$ cat data_31.tsv   # TSV, C-alpha atoms and all ligand atoms
chain	number	residue	atom	x	y	z
D	22	MET	CA	13.03	-13.79	-27.02
D	23	LYS	CA	12.09	-10.15	-26.40
D	24	THR	CA	13.80	-8.67	-23.36
D	25	PRO	CA	11.43	-7.29	-20.71
D	26	SER	CA	10.74	-3.58	-20.76
D	27	LEU	CA	10.00	-1.65	-17.59
D	28	LEU	CA	8.72	1.80	-16.78
D	29	ILE	CA	10.32	3.36	-13.71
D	30	ILE	CA	8.00	5.94	-12.17
D	31	TYR	CA	9.79	8.31	-9.86
D	32	THR	CA	7.37	10.14	-7.56
D	33	GLY	CA	9.78	11.58	-4.97
D	34	GLY	CA	10.93	10.62	-1.48
D	35	THR	CA	14.34	10.07	0.02
D	36	ILE	CA	15.48	7.57	-2.60
D	37	GLY	CA	15.80	10.23	-5.25
D	38	MET	CA	17.75	12.73	-3.17
D	39	VAL	CA	21.36	13.77	-3.57
D	40	ILE	CA	23.47	16.20	-1.58
D	41	ASP	CA	23.86	19.55	-3.24
D	42	PRO	CA	27.66	20.11	-3.20
D	43	SER	CA	27.35	23.85	-2.63
D	44	SER	CA	24.79	23.93	0.18
D	45	GLY	CA	25.21	20.43	1.62
D	46	ALA	CA	21.40	20.11	1.68
D	47	LEU	CA	19.44	17.17	0.34
D	48	GLN	CA	17.61	17.92	-2.86
D	49	PRO	CA	15.63	15.84	-5.36
D	50	TYR	CA	17.67	14.35	-8.15
D	51	THR	CA	16.42	14.63	-11.71
D	52	PHE	CA	16.37	11.19	-13.20
D	53	ASP	CA	17.69	12.44	-16.55
D	54	ASP	CA	21.09	11.67	-15.10
D	55	ILE	CA	20.28	8.42	-13.35
D	56	TYR	CA	22.84	6.50	-15.42
D	57	LYS	CA	25.58	8.79	-14.06
D	58	LEU	CA	24.50	8.05	-10.50
D	59	MET	CA	23.99	4.34	-11.14
D	60	PRO	CA	26.08	3.26	-14.14
D	61	VAL	CA	25.30	-0.34	-13.15
D	62	LEU	CA	21.87	0.14	-14.73
D	63	HIS	CA	23.61	-0.18	-18.12
D	64	ASN	CA	24.32	-3.80	-17.26
D	65	PHE	CA	20.68	-4.79	-17.24
D	66	ASP	CA	19.51	-6.64	-20.26
D	67	TYR	CA	16.13	-4.91	-19.98
D	68	THR	CA	14.69	-1.84	-21.63
D	69	LEU	CA	14.30	0.76	-18.88
D	70	GLN	CA	12.38	3.97	-19.38
D	71	PHE	CA	11.97	6.66	-16.74
D	72	VAL	CA	9.21	9.08	-15.99
D	73	SER	CA	9.34	11.62	-13.15
D	74	PHE	CA	6.47	13.28	-11.38
D	75	ASP	CA	6.45	17.04	-11.47
D	76	PRO	CA	6.54	18.17	-8.74
D	77	LEU	CA	8.36	15.39	-6.92
D	78	ILE	CA	6.78	14.96	-3.53
D	79	ASP	CA	7.68	13.91	-0.06
D	80	SER	CA	5.21	11.08	0.46
D	81	SER	CA	3.73	12.85	3.49
D	82	ASN	CA	2.01	14.99	0.86
D	83	VAL	CA	0.30	12.06	-0.87
D	84	THR	CA	-3.39	12.69	-1.60
D	85	PRO	CA	-6.11	10.80	-3.49
D	86	SER	CA	-5.32	12.90	-6.56
D	87	PHE	CA	-1.72	11.65	-6.39
D	88	TRP	CA	-3.05	8.07	-6.49
D	89	VAL	CA	-5.21	8.92	-9.49
D	90	LYS	CA	-2.19	10.45	-11.23
D	91	LEU	CA	-0.07	7.37	-10.53
D	92	ALA	CA	-2.81	4.99	-11.68
D	93	THR	CA	-3.22	7.06	-14.84
D	94	VAL	CA	0.50	6.83	-15.69
D	95	ILE	CA	0.25	3.05	-15.34
D	96	GLU	CA	-2.96	2.97	-17.39
D	97	GLU	CA	-1.47	5.02	-20.23
D	98	ASN	CA	1.62	2.84	-20.38
D	99	TYR	CA	0.14	-0.52	-19.51
D	100	ASP	CA	0.38	-2.08	-22.96
D	101	LYS	CA	3.86	-0.71	-23.64
D	102	TYR	CA	5.68	-2.27	-20.68
D	103	ASP	CA	6.01	-5.64	-19.00
D	104	GLY	CA	6.23	-4.18	-15.52
D	105	PHE	CA	6.44	-1.04	-13.42
D	106	VAL	CA	8.73	0.10	-10.62
D	107	VAL	CA	7.40	2.95	-8.48
D	108	LEU	CA	9.99	4.96	-6.53
D	109	HIS	CA	8.11	6.45	-3.61
D	110	GLY	CA	8.82	7.94	-0.19
D	111	THR	CA	8.64	5.38	2.57
D	112	ASP	CA	6.39	7.34	4.94
D	113	THR	CA	3.14	6.57	3.14
D	114	MET	CA	4.29	3.83	0.79
D	115	SER	CA	2.05	1.23	2.45
D	116	TYR	CA	-1.00	3.46	1.95
D	117	SER	CA	-0.15	4.04	-1.72
D	118	ALA	CA	0.63	0.39	-2.44
D	119	SER	CA	-2.64	-0.61	-0.73
D	120	MET	CA	-4.62	1.94	-2.69
D	121	LEU	CA	-3.05	1.04	-6.02
D	122	SER	CA	-3.87	-2.62	-5.40
D	123	PHE	CA	-7.56	-1.68	-5.23
D	124	MET	CA	-7.44	0.82	-8.09
D	125	LEU	CA	-5.75	-1.61	-10.49
D	126	GLU	CA	-8.38	-4.31	-10.93
D	127	ASN	CA	-7.43	-7.47	-12.86
D	128	LEU	CA	-3.77	-6.52	-12.77
D	129	ASP	CA	-1.59	-8.96	-14.68
D	130	LYS	CA	1.76	-7.15	-14.55
D	131	PRO	CA	4.11	-6.36	-11.66
D	132	VAL	CA	3.85	-2.97	-9.96
D	133	ILE	CA	6.76	-2.93	-7.51
D	134	PHE	CA	7.10	-0.05	-5.07
D	135	THR	CA	10.42	0.72	-3.48
D	136	GLY	CA	12.27	3.57	-1.80
D	137	SER	CA	15.04	3.96	0.73
D	138	GLN	CA	15.95	5.17	4.18
D	139	LEU	CA	19.15	6.85	2.94
D	140	PRO	CA	19.22	8.95	-0.25
D	141	MET	CA	20.58	7.43	-3.43
D	142	GLY	CA	23.32	10.05	-3.48
D	143	VAL	CA	24.76	8.88	-0.15
D	144	VAL	CA	27.54	6.28	-0.28
D	145	ARG	CA	25.90	3.91	2.22
D	146	THR	CA	22.47	4.17	0.64
D	147	ASP	CA	20.05	1.27	0.80
D	148	GLY	CA	18.40	2.75	-2.27
D	149	ARG	CA	20.76	1.15	-4.76
D	150	ASP	CA	20.04	-2.44	-3.64
D	151	ASN	CA	16.34	-1.77	-3.27
D	152	PHE	CA	16.13	-0.24	-6.73
D	153	ILE	CA	18.16	-2.96	-8.46
D	154	ASN	CA	16.22	-5.80	-6.86
D	155	ALA	CA	12.88	-4.11	-7.56
D	156	ILE	CA	13.90	-3.94	-11.24
D	157	GLU	CA	14.91	-7.63	-11.25
D	158	ILE	CA	11.60	-8.62	-9.68
D	159	ALA	CA	9.45	-6.43	-11.95
D	160	ALA	CA	11.22	-7.97	-14.96
D	161	ALA	CA	11.08	-11.59	-13.76
D	162	GLN	CA	9.15	-13.88	-16.09
D	163	LYS	CA	8.45	-17.58	-16.24
D	164	ASP	CA	7.17	-19.15	-19.45
D	165	GLY	CA	6.69	-15.65	-20.82
D	166	LEU	CA	4.47	-14.57	-17.92
D	167	PRO	CA	5.37	-12.18	-15.07
D	168	VAL	CA	6.32	-13.95	-11.86
D	169	VAL	CA	4.74	-11.28	-9.61
D	170	PRO	CA	1.58	-9.89	-11.23
D	171	GLU	CA	0.59	-7.81	-8.22
D	172	VAL	CA	1.24	-4.56	-6.35
D	173	ALA	CA	4.12	-5.26	-3.99
D	174	ILE	CA	6.75	-3.46	-1.93
D	175	TYR	CA	10.38	-4.47	-2.19
D	176	PHE	CA	12.47	-3.39	0.79
D	177	GLU	CA	15.66	-4.73	2.38
D	178	ASN	CA	15.77	-8.26	0.98
D	179	LYS	CA	12.03	-8.88	1.06
D	180	LEU	CA	9.20	-8.60	-1.39
D	181	MET	CA	5.87	-8.12	0.39
D	182	ARG	CA	2.29	-7.83	-0.79
D	183	GLY	CA	1.77	-4.05	-0.73
D	184	ASN	CA	-1.63	-4.11	0.96
D	185	ARG	CA	-0.26	-6.28	3.80
D	186	THR	CA	2.50	-3.90	4.83
D	187	SER	CA	3.09	-1.15	7.39
D	188	LYS	CA	6.11	1.08	7.82
D	189	PHE	CA	7.26	0.14	11.31
D	190	ASN	CA	10.77	1.54	11.62
D	191	ALA	CA	12.03	5.04	10.90
D	192	GLU	CA	15.68	4.14	11.42
D	193	ASN	CA	16.47	0.62	10.22
D	194	PHE	CA	16.91	-0.36	6.59
D	195	ASN	CA	14.42	-3.08	7.41
D	196	ALA	CA	11.54	-0.58	7.58
D	197	PHE	CA	8.45	-2.51	6.51
D	198	LEU	CA	6.51	-5.25	8.17
D	199	SER	CA	4.04	-7.70	6.74
D	200	GLY	CA	2.79	-9.12	10.01
D	201	ASN	CA	0.04	-11.33	8.66
D	202	TYR	CA	1.34	-12.53	5.31
D	203	PRO	CA	4.62	-14.22	4.40
D	204	PRO	CA	7.06	-12.53	2.02
D	205	LEU	CA	6.32	-13.02	-1.68
D	206	ALA	CA	10.05	-13.37	-2.25
D	207	GLU	CA	13.25	-13.37	-0.22
D	208	VAL	CA	16.44	-12.04	-1.70
D	209	GLY	CA	19.89	-13.34	-0.93
D	210	VAL	CA	22.27	-14.95	-3.36
D	211	HIS	CA	19.12	-16.02	-5.20
D	212	ILE	CA	15.74	-14.41	-5.46
D	213	ARG	CA	13.48	-17.07	-4.00
D	214	TYR	CA	9.86	-16.58	-4.95
D	215	ASN	CA	7.14	-17.91	-2.70
D	216	THR	CA	5.07	-18.77	-5.76
D	217	GLU	CA	2.17	-20.32	-3.86
D	218	MET	CA	1.58	-17.05	-2.03
D	219	ILE	CA	1.62	-14.78	-5.10
D	220	LEU	CA	-1.68	-13.73	-6.68
D	221	LYS	CA	-2.58	-15.17	-10.05
D	222	PRO	CA	-2.97	-12.68	-12.91
D	223	GLY	CA	-6.45	-11.24	-13.51
D	224	ASN	CA	-8.57	-13.06	-16.13
D	225	TYR	CA	-10.16	-9.92	-17.48
D	226	ASN	CA	-8.78	-6.69	-18.92
D	227	LEU	CA	-7.24	-4.22	-16.54
D	228	LYS	CA	-9.81	-1.85	-15.08
D	229	ILE	CA	-8.61	1.30	-13.37
D	230	ASN	CA	-10.91	2.52	-10.62
D	231	LYS	CA	-10.28	6.22	-10.18
D	232	GLU	CA	-13.28	7.20	-8.08
D	233	LEU	CA	-12.20	7.51	-4.45
D	234	ASP	CA	-14.26	8.88	-1.58
D	235	ASN	CA	-12.38	10.22	1.41
D	236	SER	CA	-15.41	10.76	3.68
D	237	VAL	CA	-13.63	8.53	6.19
D	238	ILE	CA	-11.75	8.66	9.47
D	239	ILE	CA	-9.47	6.44	11.54
D	240	LEU	CA	-10.53	6.38	15.18
D	241	LYS	CA	-7.83	4.84	17.34
D	242	LEU	CA	-8.94	3.72	20.79
D	243	PHE	CA	-6.86	4.35	23.88
D	244	PRO	CA	-7.66	3.98	27.56
D	245	GLY	CA	-9.17	7.30	28.62
D	246	ILE	CA	-10.53	8.32	25.23
D	247	ALA	CA	-13.14	10.99	26.03
D	248	GLU	CA	-16.82	10.71	25.22
D	249	VAL	CA	-16.78	14.12	23.57
D	250	VAL	CA	-14.00	13.04	21.23
D	251	VAL	CA	-15.79	9.88	20.09
D	252	LYS	CA	-19.16	11.65	19.72
D	253	ASN	CA	-17.73	14.58	17.78
D	254	ALA	CA	-15.72	12.31	15.51
D	255	LEU	CA	-18.78	10.22	14.68
D	256	ASN	CA	-20.87	13.35	14.08
D	257	ILE	CA	-18.65	14.81	11.38
D	258	THR	CA	-20.90	16.02	8.57
D	259	GLY	CA	-20.80	13.73	5.55
D	260	LEU	CA	-18.90	10.96	7.32
D	261	LYS	CA	-19.47	7.59	5.63
D	262	GLY	CA	-16.84	5.20	6.93
D	263	VAL	CA	-14.87	4.74	10.15
D	264	ILE	CA	-11.82	2.57	10.63
D	265	LEU	CA	-12.06	1.74	14.32
D	266	GLU	CA	-8.63	0.71	15.61
D	267	THR	CA	-9.42	-1.55	18.53
D	268	TYR	CA	-7.32	-3.52	20.99
D	269	GLY	CA	-6.04	-7.05	20.49
D	270	ALA	CA	-8.53	-9.35	18.79
D	271	GLY	CA	-10.94	-6.46	18.12
D	272	ASN	CA	-11.87	-5.44	21.65
D	273	ALA	CA	-13.26	-2.10	22.81
D	274	PRO	CA	-14.75	-0.54	25.95
D	275	THR	CA	-18.20	-1.74	26.92
D	276	ASP	CA	-19.30	1.63	28.44
D	277	SER	CA	-22.81	2.39	27.38
D	278	TRP	CA	-21.93	5.90	26.11
D	279	PHE	CA	-19.41	4.32	23.75
D	280	ILE	CA	-21.70	1.60	22.42
D	281	ASP	CA	-24.56	4.13	22.09
D	282	ALA	CA	-22.39	6.52	20.09
D	283	LEU	CA	-21.39	3.74	17.69
D	284	THR	CA	-24.99	2.52	17.43
D	285	GLN	CA	-26.23	6.00	16.53
D	286	ALA	CA	-23.57	6.32	13.85
D	287	ILE	CA	-24.48	2.91	12.40
D	288	ASP	CA	-28.17	3.88	12.43
D	289	LYS	CA	-27.25	6.90	10.28
D	290	GLY	CA	-25.67	4.55	7.72
D	291	ILE	CA	-22.05	5.07	8.74
D	292	ILE	CA	-20.03	1.87	8.30
D	293	ILE	CA	-17.66	1.01	11.14
D	294	TYR	CA	-14.78	-1.31	10.24
D	295	ASN	CA	-13.02	-3.00	13.14
D	296	VAL	CA	-9.25	-3.24	12.69
D	297	THR	CA	-6.76	-4.30	15.34
D	298	GLN	CA	-4.00	-2.04	16.64
D	299	CYS	CA	-1.71	-5.09	16.71
D	300	LYS	CA	0.77	-5.61	13.90
D	301	GLY	CA	0.00	-9.32	13.76
D	302	GLY	CA	-3.11	-11.37	14.33
D	303	ALA	CA	-6.73	-10.71	13.57
D	304	VAL	CA	-10.00	-9.24	14.77
D	305	ASP	CA	-12.24	-11.99	16.05
D	306	MET	CA	-15.47	-10.34	17.20
D	307	GLY	CA	-17.27	-12.35	19.83
D	308	LYS	CA	-14.16	-14.03	21.22
D	309	TYR	CA	-14.30	-11.70	24.24
D	310	GLU	CA	-17.26	-10.00	25.81
D	311	THR	CA	-15.57	-6.69	24.92
D	312	SER	CA	-16.05	-7.35	21.23
D	313	MET	CA	-19.37	-9.18	21.37
D	314	LEU	CA	-21.29	-5.93	21.70
D	315	LEU	CA	-19.57	-4.48	18.64
D	316	SER	CA	-20.68	-7.44	16.63
D	317	LEU	CA	-24.26	-7.19	17.94
D	318	ILE	CA	-24.64	-3.53	16.95
D	319	GLY	CA	-23.36	-4.16	13.41
D	320	VAL	CA	-19.67	-3.20	13.45
D	321	VAL	CA	-17.91	-4.95	10.54
D	322	GLY	CA	-14.92	-7.18	11.35
D	323	GLY	CA	-11.72	-6.51	9.40
D	324	SER	CA	-9.98	-9.83	10.13
D	325	ASP	CA	-6.20	-9.27	9.81
D	326	ILE	CA	-6.27	-6.26	7.47
D	327	THR	CA	-3.82	-3.43	8.23
D	328	THR	CA	-5.07	0.06	9.01
D	329	GLU	CA	-3.37	1.34	5.84
D	330	SER	CA	-5.17	-1.18	3.71
D	331	ALA	CA	-8.49	-0.71	5.53
D	332	ILE	CA	-8.58	3.03	4.90
D	333	ALA	CA	-7.63	2.54	1.26
D	334	LYS	CA	-10.26	-0.17	0.82
D	335	MET	CA	-12.95	1.97	2.43
D	336	MET	CA	-12.15	4.97	0.17
D	337	TYR	CA	-12.12	2.71	-2.86
D	338	LEU	CA	-15.41	0.93	-2.08
D	339	LEU	CA	-17.19	4.17	-1.15
D	340	GLY	CA	-15.86	5.66	-4.39
D	341	GLN	CA	-17.46	2.77	-6.27
D	342	GLY	CA	-20.77	3.83	-4.73
D	343	TYR	CA	-21.20	0.88	-2.37
D	344	THR	CA	-23.25	1.42	0.78
D	345	GLY	CA	-25.01	-0.66	3.44
D	346	SER	CA	-24.95	-4.42	3.26
D	347	GLU	CA	-23.07	-4.53	-0.04
D	348	LEU	CA	-20.28	-2.38	1.36
D	349	LYS	CA	-20.17	-4.55	4.48
D	350	LYS	CA	-19.93	-7.68	2.35
D	351	PHE	CA	-16.99	-6.40	0.30
D	352	LEU	CA	-15.18	-5.15	3.40
D	353	GLN	CA	-15.18	-8.71	4.72
D	354	LEU	CA	-14.09	-10.33	1.48
D	355	SER	CA	-10.53	-10.51	0.23
D	356	LEU	CA	-10.54	-8.42	-2.95
D	357	ARG	CA	-6.77	-8.26	-3.59
D	358	GLY	CA	-5.40	-10.61	-0.96
D	359	GLU	CA	-5.54	-7.87	1.67
D	360	LEU	CA	-7.09	-10.01	4.41
D	361	THR	CA	-7.55	-13.60	5.45
D	362	VAL	CA	-11.09	-14.94	5.24
B	1	LIG	N1	9.65	11.71	4.09
B	1	LIG	C1	10.14	10.81	3.08
B	1	LIG	C2	8.96	10.40	2.24
B	1	LIG	O1	8.20	9.56	2.64
B	1	LIG	C3	10.81	9.66	3.71
B	1	LIG	C4	11.31	8.63	2.75
B	1	LIG	O2	11.28	8.74	1.55
B	1	LIG	O3	11.79	7.60	3.23
B	1	LIG	O4	8.80	10.92	1.16
$ encode --input "data_31.tsv" --output "structure tokens"
Amino acid sequence: MKTPSLLIIYTGGTIGMVIDPSSGALQPYTFDDIYKLMPVLHNFDYTLQFVSFDPLIDSSNVTPSFWVKLATVIEENYDKYDGFVVLHGTDTMSYSASMLSFMLENLDKPVIFTGSQLPMGVVRTDGRDNFINAIEIAAAQKDGLPVVPEVAIYFENKLMRGNRTSKFNAENFNAFLSGNYPPLAEVGVHIRYNTEMILKPGNYNLKINKELDNSVIILKLFPGIAEVVVKNALNITGLKGVILETYGAGNAPTDSWFIDALTQAIDKGIIIYNVTQCKGGAVDMGKYETSMLLSLIGVVGGSDITTESAIAKMMYLLGQGYTGSELKKFLQLSLRGELTV
């Protein structure tokens, strides 16, 4: 039987850093020498190939063109490999994993993101375990088919659906949360896959959607948010989509200035997507009086989608040219397992 072959795509972030012996500063490591840093990689019975982004980036610098570049690397190598491991900074990993899940339509191979809180070149690094387990998972096959044919994040003993995650801790090794979806796999002595919860491979050929439209904003509510702030935000020229981060089960102030501002934006064709600020649970418009009005004026409910996934989904759908009722329909459907319907 042919051994699995994987492409490791190194984009930057803490995981690839080592300490420069002369200056003591952290600097990106060139993966040409990865076997020196991690000789254990020789023990894998898989074919591993490496490709590095140039320049390597801190993930705070991720842009839509970065996502297009990443999707293109996967596209160009899709037939040559059985799976992909993406080494990425943790700061925006949930955004990137969400976006790639939408860009890679009909995916039937694993795309496993991972990174670390401590650089690979540090003795106590979490990067080594994360990297090794991400490789194992990307290579895992059953009856000749990949076990995880979806975009996922592996971090600190857990494999999570990428578009269900948020980075929630800047200190702990356990840095990612999937508040509304169970882990796809848990790693201890064994790697235990939660097979029922893993997406089935696409039935059609992979389609890479590279058109993204970032005419979007995230508007997070807080008690005391000023009228001028809301009005100006909703009046941004060219604005097409708003992720409205509301309280609890999708609740918002009932002040008439607030509802009027949203109504005017909706009348101009701007789509407002209601996402909860909570890390678990869902928007349920109409449950409280404070969300009933939103529903009546045409705000779209985002169920239990994360903010990261909502913004990625909005950019992706707008990029596909969807507007009006069609856009609203797709926002409420689960396209890649990103929300519960
Ligand atoms: N700032 C880094 C990044 O996201 C942090 C990390 O990699 O964990 O690229």
$ residues_near_ligand --input "data_31.tsv" --ligand "ligand LIG 1 (chain B)" --cutoff "12 Å" --atoms "all atoms listed in the file" --output "PyMOL selection string"
chain D and resi 31-38+47-49+77-83+108-117+134-141+146-148+176+188-197
$ residues_around --input "data_31.tsv" --residues "segment 278-284 of chain D" --least-positions-apart "4" --cutoff "12 Å" --atoms "all atoms listed in the file" --output "PyMOL selection string"
chain D and resi 240+242+245-256+262-265+273-274+288-295+311-321
$ residues_around --input "data_31.tsv" --residues "segment 322-337 of chain D" --least-positions-apart "4" --cutoff "6 Å" --atoms "all atoms listed in the file" --output "list in words"
Tyr116, Ser119, Met120, Asn184, Leu233, Asp234, Asn235, Tyr294, Asn295, Val296, Gly302, Ala303, Val304 and Leu360 of chain D
$ closest_residue --input "data_31.tsv" --among "D:Ile229, D:Ile40, D:Leu198, D:Val72" --to "Phe52 of chain D" --atoms "all atoms listed in the file"
D:Val72
$ residues_around --input "data_31.tsv" --residues "Ser199 of chain D" --least-positions-apart "5" --cutoff "7 Å" --atoms "only C-alpha atoms" --output "list in words"
Met181, Arg185, Thr186 and Ser187 of chain D
$ closest_residue --input "data_31.tsv" --among "D:Gly271, D:Leu354, D:Ile239, D:Glu232" --to "Ser86 of chain D" --atoms "only C-alpha atoms"
D:Glu232
$ atom_distance --input "data_31.tsv" --atom1 "atom CA of Trp88 of chain D" --atom2 "atom CA of Leu356 of chain D"
18.5 Å
$ atom_distance --input "data_31.tsv" --atom1 "atom CA of Val132 of chain D" --atom2 "atom CA of Asn201 of chain D"
20.8 Å
$ atom_distance --input "data_31.tsv" --atom1 "atom CA of Lys350 of chain D" --atom2 "atom CA of Gln285 of chain D"
20.7 Å
$ residues_around --input "data_31.tsv" --residues "segment 155-164 of chain D" --least-positions-apart "5" --cutoff "8 Å" --atoms "all atoms listed in the file" --output "list in words"
Pro25, Ser26, Leu27, Tyr67, Asp103, Gly104, Phe105, Val106, Pro131, Val132, Ile133, Phe134, Thr135, Val169 and Tyr175 of chain D
$ decode --input "data_31.tsv" --residues "segment 314-322 of chain D" --atoms "all heavy atoms" --output "PDB file, in the first residue's frame"
ATOM      1  N   LEU D 314     -37.502  42.828  17.652  1.00  0.00           N
ATOM      2  CA  LEU D 314     -37.473  43.938  16.701  1.00  0.00           C
ATOM      3  C   LEU D 314     -36.455  43.688  15.591  1.00  0.00           C
ATOM      4  O   LEU D 314     -36.697  44.008  14.424  1.00  0.00           O
ATOM      5  CB  LEU D 314     -37.121  45.243  17.433  1.00  0.00           C
ATOM      6  CG  LEU D 314     -38.256  45.895  18.221  1.00  0.00           C
ATOM      7  CD1 LEU D 314     -37.741  47.098  18.993  1.00  0.00           C
ATOM      8  CD2 LEU D 314     -39.379  46.304  17.278  1.00  0.00           C
ATOM      9  N   LEU D 315     -35.314  43.117  15.968  1.00  0.00           N
ATOM     10  CA  LEU D 315     -34.279  42.847  14.959  1.00  0.00           C
ATOM     11  C   LEU D 315     -34.832  41.927  13.883  1.00  0.00           C
ATOM     12  O   LEU D 315     -34.621  42.124  12.686  1.00  0.00           O
ATOM     13  CB  LEU D 315     -33.050  42.189  15.607  1.00  0.00           C
ATOM     14  CG  LEU D 315     -32.317  42.972  16.691  1.00  0.00           C
ATOM     15  CD1 LEU D 315     -31.097  42.202  17.179  1.00  0.00           C
ATOM     16  CD2 LEU D 315     -31.883  44.347  16.170  1.00  0.00           C
ATOM     17  N   SER D 316     -35.549  40.934  14.343  1.00  0.00           N
ATOM     18  CA  SER D 316     -36.118  39.974  13.410  1.00  0.00           C
ATOM     19  C   SER D 316     -37.148  40.665  12.503  1.00  0.00           C
ATOM     20  O   SER D 316     -37.180  40.456  11.289  1.00  0.00           O
ATOM     21  CB  SER D 316     -36.719  38.863  14.252  1.00  0.00           C
ATOM     22  OG  SER D 316     -37.544  38.080  13.546  1.00  0.00           O
ATOM     23  N   LEU D 317     -37.961  41.539  13.096  1.00  0.00           N
ATOM     24  CA  LEU D 317     -39.012  42.210  12.316  1.00  0.00           C
ATOM     25  C   LEU D 317     -38.449  43.126  11.237  1.00  0.00           C
ATOM     26  O   LEU D 317     -39.026  43.253  10.160  1.00  0.00           O
ATOM     27  CB  LEU D 317     -39.926  43.022  13.252  1.00  0.00           C
ATOM     28  CG  LEU D 317     -40.820  42.191  14.172  1.00  0.00           C
ATOM     29  CD1 LEU D 317     -41.605  43.087  15.128  1.00  0.00           C
ATOM     30  CD2 LEU D 317     -41.791  41.338  13.345  1.00  0.00           C
ATOM     31  N   ILE D 318     -37.301  43.749  11.502  1.00  0.00           N
ATOM     32  CA  ILE D 318     -36.758  44.680  10.493  1.00  0.00           C
ATOM     33  C   ILE D 318     -35.886  43.967   9.458  1.00  0.00           C
ATOM     34  O   ILE D 318     -35.393  44.579   8.523  1.00  0.00           O
ATOM     35  CB  ILE D 318     -35.966  45.851  11.142  1.00  0.00           C
ATOM     36  CG1 ILE D 318     -34.738  45.345  11.892  1.00  0.00           C
ATOM     37  CG2 ILE D 318     -36.872  46.697  12.028  1.00  0.00           C
ATOM     38  CD1 ILE D 318     -33.815  46.450  12.368  1.00  0.00           C
ATOM     39  N   GLY D 319     -35.662  42.657   9.640  1.00  0.00           N
ATOM     40  CA  GLY D 319     -34.939  41.915   8.596  1.00  0.00           C
ATOM     41  C   GLY D 319     -33.480  41.611   8.890  1.00  0.00           C
ATOM     42  O   GLY D 319     -32.718  41.283   7.971  1.00  0.00           O
ATOM     43  N   VAL D 320     -33.088  41.694  10.172  1.00  0.00           N
ATOM     44  CA  VAL D 320     -31.735  41.244  10.535  1.00  0.00           C
ATOM     45  C   VAL D 320     -31.706  39.715  10.388  1.00  0.00           C
ATOM     46  O   VAL D 320     -32.689  39.042  10.687  1.00  0.00           O
ATOM     47  CB  VAL D 320     -31.407  41.677  11.992  1.00  0.00           C
ATOM     48  CG1 VAL D 320     -30.143  41.018  12.502  1.00  0.00           C
ATOM     49  CG2 VAL D 320     -31.304  43.199  12.074  1.00  0.00           C
ATOM     50  N   VAL D 321     -30.573  39.186   9.926  1.00  0.00           N
ATOM     51  CA  VAL D 321     -30.464  37.748   9.662  1.00  0.00           C
ATOM     52  C   VAL D 321     -29.830  37.053  10.870  1.00  0.00           C
ATOM     53  O   VAL D 321     -28.757  37.456  11.331  1.00  0.00           O
ATOM     54  CB  VAL D 321     -29.573  37.498   8.413  1.00  0.00           C
ATOM     55  CG1 VAL D 321     -29.519  36.010   8.074  1.00  0.00           C
ATOM     56  CG2 VAL D 321     -30.064  38.309   7.229  1.00  0.00           C
ATOM     57  N   GLY D 322     -30.447  35.997  11.361  1.00  0.00           N
ATOM     58  CA  GLY D 322     -29.926  35.280  12.530  1.00  0.00           C
ATOM     59  C   GLY D 322     -28.773  34.359  12.158  1.00  0.00           C
ATOM     60  O   GLY D 322     -28.826  33.654  11.152  1.00  0.00           O
TER      61      GLY D 322
END
